[in-house]
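Peer 1: Structure incoming, see below.
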Amino acid sequence: MLHILTPLTSAVTYSRWLHMFIPAAAASVWFFISDAFWAPLLFAVPIGLIPAMRLEEGIEAQLLLTPSERGRPDASIAAASSSSWAERWRTVLWLELRLLISAGAILALWLPVASIELVLSAAGRPPGGLAEGLDPHWWNVLLAPLPIVPLLVLVVLGGRLSTAAARWLLGPSPTDRLTVLEGLTEELLERNRMARELHDSIGHALTVAVVQAGAARAADDPAFTERALAAIEETGRDALEDLERVLRVLRESGTPVSRRPTLAEAERLLDSARSSGAKVDARVSGDLGLVPAPVSREGYRILQESLTNVLRHAGPVSVRVTITVDGGRLELEVANPLSGAAGLPGSGSGLRGIRERAALLGGKARTESREDEWRVSVSLPLDGIRWSDAVHRSSGR
């Protein structure tokens, strides 16, 4: 029995009641001018055909009918201007229904007045309004609560009817839903990209620190130990900067962040590998300035992950790095002598991340053992590649 009264304890019930009163107030002003009750219904047609009216009605409906959904991308009531004639005519129908529902709001206004009239009639005053015609008597006080019952019914059911109508007529169109889906997909892909980037950066820093610390302990040379500590410090500082940047993005969506490294700064990766004991032979041909920023940033991370894998699995060995910009493509190859786990093709999340990064930009990544070497070869196209296009491609559209 008590669950029937539950809606009366909810704030949204009364915000919906307020929503019903707004057109009722406008219609009441008109009735002071003319008794043509059909005029507001006719006037709603040209008003509803204005594209911005759907936006205004959507915002108001979200605020008063579904406040828990306000601002959410998946809200059941859209807050956007009409983009088609179908949406304009649905807005017209919505305005017509609002005016009809407001008649219930006007009735709801007279019901508490009727209760007051019944109470006053107990003092001998003839009741008016909805109670007009009753003889004044003391027992009319006992009838005073009766108008409150239909009042509560009108408040609850009218609000629910308004909400259902708004979701039906002002709900997001297929285009709106597709736009929201694309936004959520791009946000998810961006977060996944940041997770991979953080994995690469922190993994590289930890690998360099472990290799440097082990080499310094084995060397038992104060000068070498000092260089190793300096390399650990520099690599750790770079990793902390990457961590802070990613956390800033996650905390403050839309806030500008510091620039991510590109292949133009690849020398610091090579120096970090050299300071870990690896003998790095790097060859760069072509103009790295011609590489689009998204491709250059991902190329930097691919190189970082490749060098990290070499240090992690093969140790401080000879590494050959080749970066070529030619024929509208970026070619990147990292090769090192086969050693232990480094010769296992396709093993580890790092190699999977390299393949995912390449695929995201429409390129290809190949890992193989050839001529006693373990090679990571990546080919990325330069022409016609935009970051947003890559996001759409990766989401399967």
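Identifiers in this document derive from the order of the structure tokens: chains are assigned A, B, ..., residues are numbered from 1 separately in each chain, and ligands are numbered from 1 in order of occurrence.
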Quick one: residues within 7 Å of stretch 46-48 of chain A, only C-alpha atoms counted, chain neighbours fewer than 2 positions away excluded, as a ChimeraX atom specification?
Peer 2: /A:43-44,50,53,88,91-92,95
Peer 1: Find the spatial neighbours of stretch 58-75 of chain A, counting only C-alpha atoms, within a cut-off of 9 Å - ignore same-chain residues fewer than 5 positions away - and output them as a compact mmCIF listing (two decimals) with C-alpha atoms, in the first residue's frame.
Peer 2:
```txt
# COMPACT_ATOMS: atom_id res chain seq x y z
CA VAL A 12 10.90 14.81 -9.83
CA THR A 13 7.13 14.41 -9.37
CA TYR A 14 6.82 18.08 -8.49
CA SER A 15 9.30 19.30 -11.10
CA ARG A 16 7.11 17.51 -13.66
CA TRP A 17 4.06 19.24 -12.20
CA LEU A 18 5.84 22.57 -12.70
CA HIS A 19 6.51 21.54 -16.30
CA MET A 53 12.24 25.35 -30.54
CA ALA A 80 19.29 19.71 -30.14
CA SER A 81 17.72 21.86 -32.84
CA GLY A 159 4.01 14.02 -15.08
CA ARG A 160 4.53 10.49 -16.32
CA SER A 162 4.47 14.29 -20.18
CA THR A 163 7.73 12.37 -19.76
CA ALA A 166 8.73 13.93 -24.49
CA LEU A 170 11.76 14.81 -28.49
CA GLY A 171 13.86 11.68 -28.20
CA PRO A 172 17.15 11.45 -30.13
CA ARG A 177 22.17 8.31 -31.59
CA VAL A 180 26.54 9.92 -29.52
CA LEU A 181 27.80 6.43 -30.37
CA GLY A 183 31.58 10.20 -29.57
CA LEU A 184 31.58 7.37 -27.01
```
Peer 1: With a distance cut-off of 10 Å and only C-alpha atoms, select the neighbouring residues of A:Ala239, excluding the residue or stretch itself and same-chain residues fewer than 3 positions from it, and output the selection as a PyMOL selection string.
Peer 2: chain A and resi 198+200-206+233-236+242-245
Peer 1: Between A:Asp176, A:Asp281, A:Glu117, A:Glu56, which residue has the minimum interatomic distance to A:Ser318, considering only C-alpha atoms?
Peer 2: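 Smallest distance to A:Ser318 is found for A:Asp281.
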Peer 1: Could you state the separation of atom CA of A:Leu360 and atom CA of A:Ser296 in Å, given to one decimal place?
Peer 2: 13.1 Å
Peer 1: Could you give me, as a PyMOL selection string, each residue of stretch 305-389 of chain A that DSSP assigns to helix (DSSP H, G or I) when run on this structure's backbone?
Peer 2: chain A and resi 305-313+340-343+349-360+387-389
Peer 1: Using only C-alpha atoms, which of the listed residues (A:Ile323, A:Val317, A:Arg283, A:Ala228) sits closest to A:Leu263?
Peer 2: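 Smallest separation from A:Leu263 among the options: A:Ile323.
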Peer 1: Please provide as a JSON list (two decimals) with all heavy atoms, in the first residue's frame all residues within 12 Å of A:Lys364, with the sequence filter that same-chain residues fewer than 6 positions apart are discarded (counting only C-alpha atoms).
Peer 2:
```json
[["chain", "number", "residue", "atom", "x", "y", "z"],
["A", 299, "GLY", "N", 54.75, 6.53, -34.44],
["A", 299, "GLY", "CA", 56.05, 5.97, -34.81],
["A", 299, "GLY", "C", 57.03, 6.04, -33.66],
["A", 299, "GLY", "O", 57.83, 5.12, -33.44],
["A", 302, "ILE", "N", 56.13, 3.30, -31.26],
["A", 302, "ILE", "CA", 56.50, 2.00, -31.80],
["A", 302, "ILE", "C", 58.01, 1.78, -31.63],
["A", 302, "ILE", "O", 58.45, 0.69, -31.23],
["A", 302, "ILE", "CB", 56.10, 1.90, -33.28],
["A", 302, "ILE", "CG1", 54.56, 1.81, -33.40],
["A", 302, "ILE", "CG2", 56.75, 0.69, -33.95],
["A", 302, "ILE", "CD1", 54.05, 1.89, -34.81],
["A", 329, "ARG", "N", 55.30, 6.92, -47.53],
["A", 329, "ARG", "CA", 55.21, 5.97, -46.41],
["A", 329, "ARG", "C", 56.35, 6.22, -45.43],
["A", 329, "ARG", "O", 57.42, 6.72, -45.79],
["A", 329, "ARG", "CB", 55.24, 4.52, -46.89],
["A", 329, "ARG", "CG", 54.14, 4.15, -47.87],
["A", 329, "ARG", "CD", 54.08, 2.65, -48.10],
["A", 329, "ARG", "NE", 53.52, 1.95, -46.95],
["A", 329, "ARG", "CZ", 52.21, 1.78, -46.74],
["A", 329, "ARG", "NH1", 51.33, 2.28, -47.58],
["A", 329, "ARG", "NH2", 51.79, 1.11, -45.68],
["A", 330, "LEU", "N", 56.09, 5.83, -44.20],
["A", 330, "LEU", "CA", 57.13, 5.81, -43.17],
["A", 330, "LEU", "C", 57.48, 4.36, -42.90],
["A", 330, "LEU", "O", 56.62, 3.55, -42.51],
["A", 330, "LEU", "CB", 56.62, 6.47, -41.88],
["A", 330, "LEU", "CG", 57.50, 6.28, -40.64],
["A", 330, "LEU", "CD1", 58.84, 7.01, -40.81],
["A", 330, "LEU", "CD2", 56.79, 6.77, -39.37],
["A", 331, "GLU", "N", 58.74, 4.02, -43.14],
["A", 331, "GLU", "CA", 59.23, 2.67, -42.90],
["A", 331, "GLU", "C", 60.15, 2.69, -41.69],
["A", 331, "GLU", "O", 61.07, 3.50, -41.62],
["A", 331, "GLU", "CB", 59.99, 2.14, -44.12],
["A", 331, "GLU", "CG", 59.24, 2.22, -45.44],
["A", 331, "GLU", "CD", 58.11, 1.21, -45.54],
["A", 331, "GLU", "OE1", 58.09, 0.27, -44.72],
["A", 331, "GLU", "OE2", 57.24, 1.37, -46.42],
["A", 332, "LEU", "N", 59.87, 1.82, -40.74],
["A", 332, "LEU", "CA", 60.67, 1.77, -39.51],
["A", 332, "LEU", "C", 61.04, 0.31, -39.24],
["A", 332, "LEU", "O", 60.17, -0.57, -39.25],
["A", 332, "LEU", "CB", 59.87, 2.35, -38.34],
["A", 332, "LEU", "CG", 60.61, 2.63, -37.03],
["A", 332, "LEU", "CD1", 59.92, 3.75, -36.27],
["A", 332, "LEU", "CD2", 60.65, 1.39, -36.15],
["A", 333, "GLU", "N", 62.32, 0.08, -39.00],
["A", 333, "GLU", "CA", 62.78, -1.29, -38.72],
["A", 333, "GLU", "C", 63.75, -1.27, -37.56],
["A", 333, "GLU", "O", 64.65, -0.42, -37.50],
["A", 333, "GLU", "CB", 63.44, -1.92, -39.95],
["A", 333, "GLU", "CG", 63.88, -3.36, -39.73],
["A", 333, "GLU", "CD", 64.52, -3.98, -40.95],
["A", 333, "GLU", "OE1", 65.75, -3.78, -41.14],
["A", 333, "GLU", "OE2", 63.80, -4.65, -41.72],
["A", 352, "ARG", "N", 51.96, -6.89, -29.52],
["A", 352, "ARG", "CA", 50.55, -6.72, -29.89],
["A", 352, "ARG", "C", 50.20, -5.23, -29.97],
["A", 352, "ARG", "O", 49.48, -4.79, -30.86],
["A", 352, "ARG", "CB", 49.65, -7.42, -28.87],
["A", 352, "ARG", "CG", 48.16, -7.32, -29.23],
["A", 352, "ARG", "CD", 47.30, -8.17, -28.32],
["A", 352, "ARG", "NE", 47.36, -7.71, -26.94],
["A", 352, "ARG", "CZ", 47.96, -8.38, -25.95],
["A", 352, "ARG", "NH1", 48.57, -9.52, -26.21],
["A", 352, "ARG", "NH2", 47.96, -7.90, -24.73],
["A", 354, "ILE", "N", 52.26, -2.85, -30.78],
["A", 354, "ILE", "CA", 52.86, -2.32, -32.00],
["A", 354, "ILE", "C", 51.94, -2.60, -33.20],
["A", 354, "ILE", "O", 51.70, -1.73, -34.03],
["A", 354, "ILE", "CB", 54.25, -2.95, -32.23],
["A", 354, "ILE", "CG1", 55.24, -2.42, -31.18],
["A", 354, "ILE", "CG2", 54.75, -2.67, -33.64],
["A", 354, "ILE", "CD1", 56.61, -3.06, -31.24],
["A", 355, "ARG", "N", 51.41, -3.81, -33.26],
["A", 355, "ARG", "CA", 50.52, -4.15, -34.38],
["A", 355, "ARG", "C", 49.25, -3.31, -34.33],
["A", 355, "ARG", "O", 48.74, -2.86, -35.37],
["A", 355, "ARG", "CB", 50.17, -5.63, -34.32],
["A", 355, "ARG", "CG", 51.36, -6.57, -34.49],
["A", 355, "ARG", "CD", 50.91, -8.01, -34.65],
["A", 355, "ARG", "NE", 52.02, -8.94, -34.62],
["A", 355, "ARG", "CZ", 52.38, -9.63, -33.53],
["A", 355, "ARG", "NH1", 51.69, -9.49, -32.42],
["A", 355, "ARG", "NH2", 53.41, -10.45, -33.58],
["A", 356, "GLU", "N", 48.72, -3.07, -33.12],
["A", 356, "GLU", "CA", 47.50, -2.27, -33.00],
["A", 356, "GLU", "C", 47.74, -0.83, -33.42],
["A", 356, "GLU", "O", 46.90, -0.21, -34.08],
["A", 356, "GLU", "CB", 47.00, -2.33, -31.55],
["A", 356, "GLU", "CG", 46.43, -3.69, -31.16],
["A", 356, "GLU", "CD", 46.04, -3.74, -29.69],
["A", 356, "GLU", "OE1", 46.34, -2.77, -28.97],
["A", 356, "GLU", "OE2", 45.44, -4.75, -29.27],
["A", 357, "ARG", "N", 48.88, -0.28, -33.04],
["A", 357, "ARG", "CA", 49.19, 1.10, -33.42],
["A", 357, "ARG", "C", 49.31, 1.21, -34.95],
["A", 357, "ARG", "O", 48.81, 2.17, -35.55],
["A", 357, "ARG", "CB", 50.50, 1.54, -32.77],
["A", 357, "ARG", "CG", 50.40, 1.79, -31.28],
["A", 357, "ARG", "CD", 51.76, 2.20, -30.71],
["A", 357, "ARG", "NE", 51.69, 2.37, -29.26],
["A", 357, "ARG", "CZ", 51.32, 3.49, -28.66],
["A", 357, "ARG", "NH1", 50.96, 4.53, -29.38],
["A", 357, "ARG", "NH2", 51.29, 3.57, -27.34],
["A", 358, "ALA", "N", 49.97, 0.25, -35.56],
["A", 358, "ALA", "CA", 50.13, 0.29, -37.01],
["A", 358, "ALA", "C", 48.77, 0.16, -37.70],
["A", 358, "ALA", "O", 48.47, 0.89, -38.65],
["A", 358, "ALA", "CB", 51.07, -0.82, -37.45],
["A", 376, "VAL", "N", 61.64, -6.16, -36.21],
["A", 376, "VAL", "CA", 60.32, -5.54, -36.16],
["A", 376, "VAL", "C", 60.27, -4.53, -37.29],
["A", 376, "VAL", "O", 61.03, -3.56, -37.29],
["A", 376, "VAL", "CB", 60.07, -4.85, -34.80],
["A", 376, "VAL", "CG1", 58.72, -4.13, -34.82],
["A", 376, "VAL", "CG2", 60.11, -5.86, -33.67],
["A", 377, "SER", "N", 59.39, -4.77, -38.25],
["A", 377, "SER", "CA", 59.27, -3.89, -39.41],
["A", 377, "SER", "C", 57.86, -3.30, -39.45],
["A", 377, "SER", "O", 56.87, -4.04, -39.36],
["A", 377, "SER", "CB", 59.54, -4.66, -40.70],
["A", 377, "SER", "OG", 60.82, -5.26, -40.67],
["A", 378, "VAL", "N", 57.79, -1.99, -39.58],
["A", 378, "VAL", "CA", 56.50, -1.29, -39.58],
["A", 378, "VAL", "C", 56.45, -0.36, -40.79],
["A", 378, "VAL", "O", 57.43, 0.35, -41.08],
["A", 378, "VAL", "CB", 56.31, -0.47, -38.29],
["A", 378, "VAL", "CG1", 54.99, 0.29, -38.33],
["A", 378, "VAL", "CG2", 56.36, -1.38, -37.07],
["A", 379, "SER", "N", 55.32, -0.38, -41.48],
["A", 379, "SER", "CA", 55.11, 0.49, -42.63],
["A", 379, "SER", "C", 53.81, 1.26, -42.42],
["A", 379, "SER", "O", 52.74, 0.65, -42.25],
["A", 379, "SER", "CB", 55.03, -0.34, -43.92],
["A", 379, "SER", "OG", 54.77, 0.48, -45.04],
["A", 380, "LEU", "N", 53.90, 2.59, -42.42],
["A", 380, "LEU", "CA", 52.74, 3.44, -42.18],
["A", 380, "LEU", "C", 52.55, 4.39, -43.35],
["A", 380, "LEU", "O", 53.51, 5.03, -43.79],
["A", 380, "LEU", "CB", 52.93, 4.25, -40.89],
["A", 380, "LEU", "CG", 53.19, 3.47, -39.60],
["A", 380, "LEU", "CD1", 53.44, 4.44, -38.45],
["A", 380, "LEU", "CD2", 52.04, 2.55, -39.29],
["A", 381, "PRO", "N", 51.32, 4.53, -43.87],
["A", 381, "PRO", "CA", 51.08, 5.48, -44.96],
["A", 381, "PRO", "C", 51.04, 6.91, -44.44],
["A", 381, "PRO", "O", 50.63, 7.17, -43.31],
["A", 381, "PRO", "CB", 49.71, 5.04, -45.50],
["A", 381, "PRO", "CG", 49.03, 4.42, -44.32],
["A", 381, "PRO", "CD", 50.12, 3.77, -43.51]]
```
Peer 1: I'd like the contact shell of stretch 103-106 of chain A - 6 Å cut-off, only C-alpha atoms, skipping same-chain residues fewer than 3 positions apart - returned as a ChimeraX atom specification.
Peer 2: /A:20-21,100,109
Peer 1: Using N, CA and C atoms, can you export the residues from the last selection as a PDB file, in the first residue's frame?
Peer 2:
```pdb
ATOM      1  N   MET A  20       4.139  20.983 -16.272  1.00  0.00           N
ATOM      2  CA  MET A  20       2.769  21.034 -16.775  1.00  0.00           C
ATOM      3  C   MET A  20       2.177  22.435 -16.655  1.00  0.00           C
ATOM      4  N   PHE A  21       2.586  23.184 -15.645  1.00  0.00           N
ATOM      5  CA  PHE A  21       2.005  24.502 -15.394  1.00  0.00           C
ATOM      6  C   PHE A  21       2.497  25.578 -16.365  1.00  0.00           C
ATOM      7  N   LEU A 100      -2.573  20.357 -24.269  1.00  0.00           N
ATOM      8  CA  LEU A 100      -3.684  19.521 -23.818  1.00  0.00           C
ATOM      9  C   LEU A 100      -3.438  19.001 -22.407  1.00  0.00           C
ATOM     10  N   LEU A 109      -4.993  22.821 -10.333  1.00  0.00           N
ATOM     11  CA  LEU A 109      -4.925  24.066  -9.579  1.00  0.00           C
ATOM     12  C   LEU A 109      -6.231  24.345  -8.836  1.00  0.00           C
TER      13      LEU A 109
END
```
Peer 1: Quick one: residues within 10 Å of A:Arg375, only C-alpha atoms, excluding same-chain residues fewer than 4 positions away - as a PyMOL selection string?
Peer 2: chain A and resi 306+319-321+333-338+342-343+345+366-371
Peer 1: List as a PyMOL selection string the protein and nucleic acid residues near A:Asp326, meaning an atom at most 9 Å away when only C-alpha atoms are counted, but skip any in the same chain fewer than 6 places from it.
Peer 2: chain A and resi 285-287
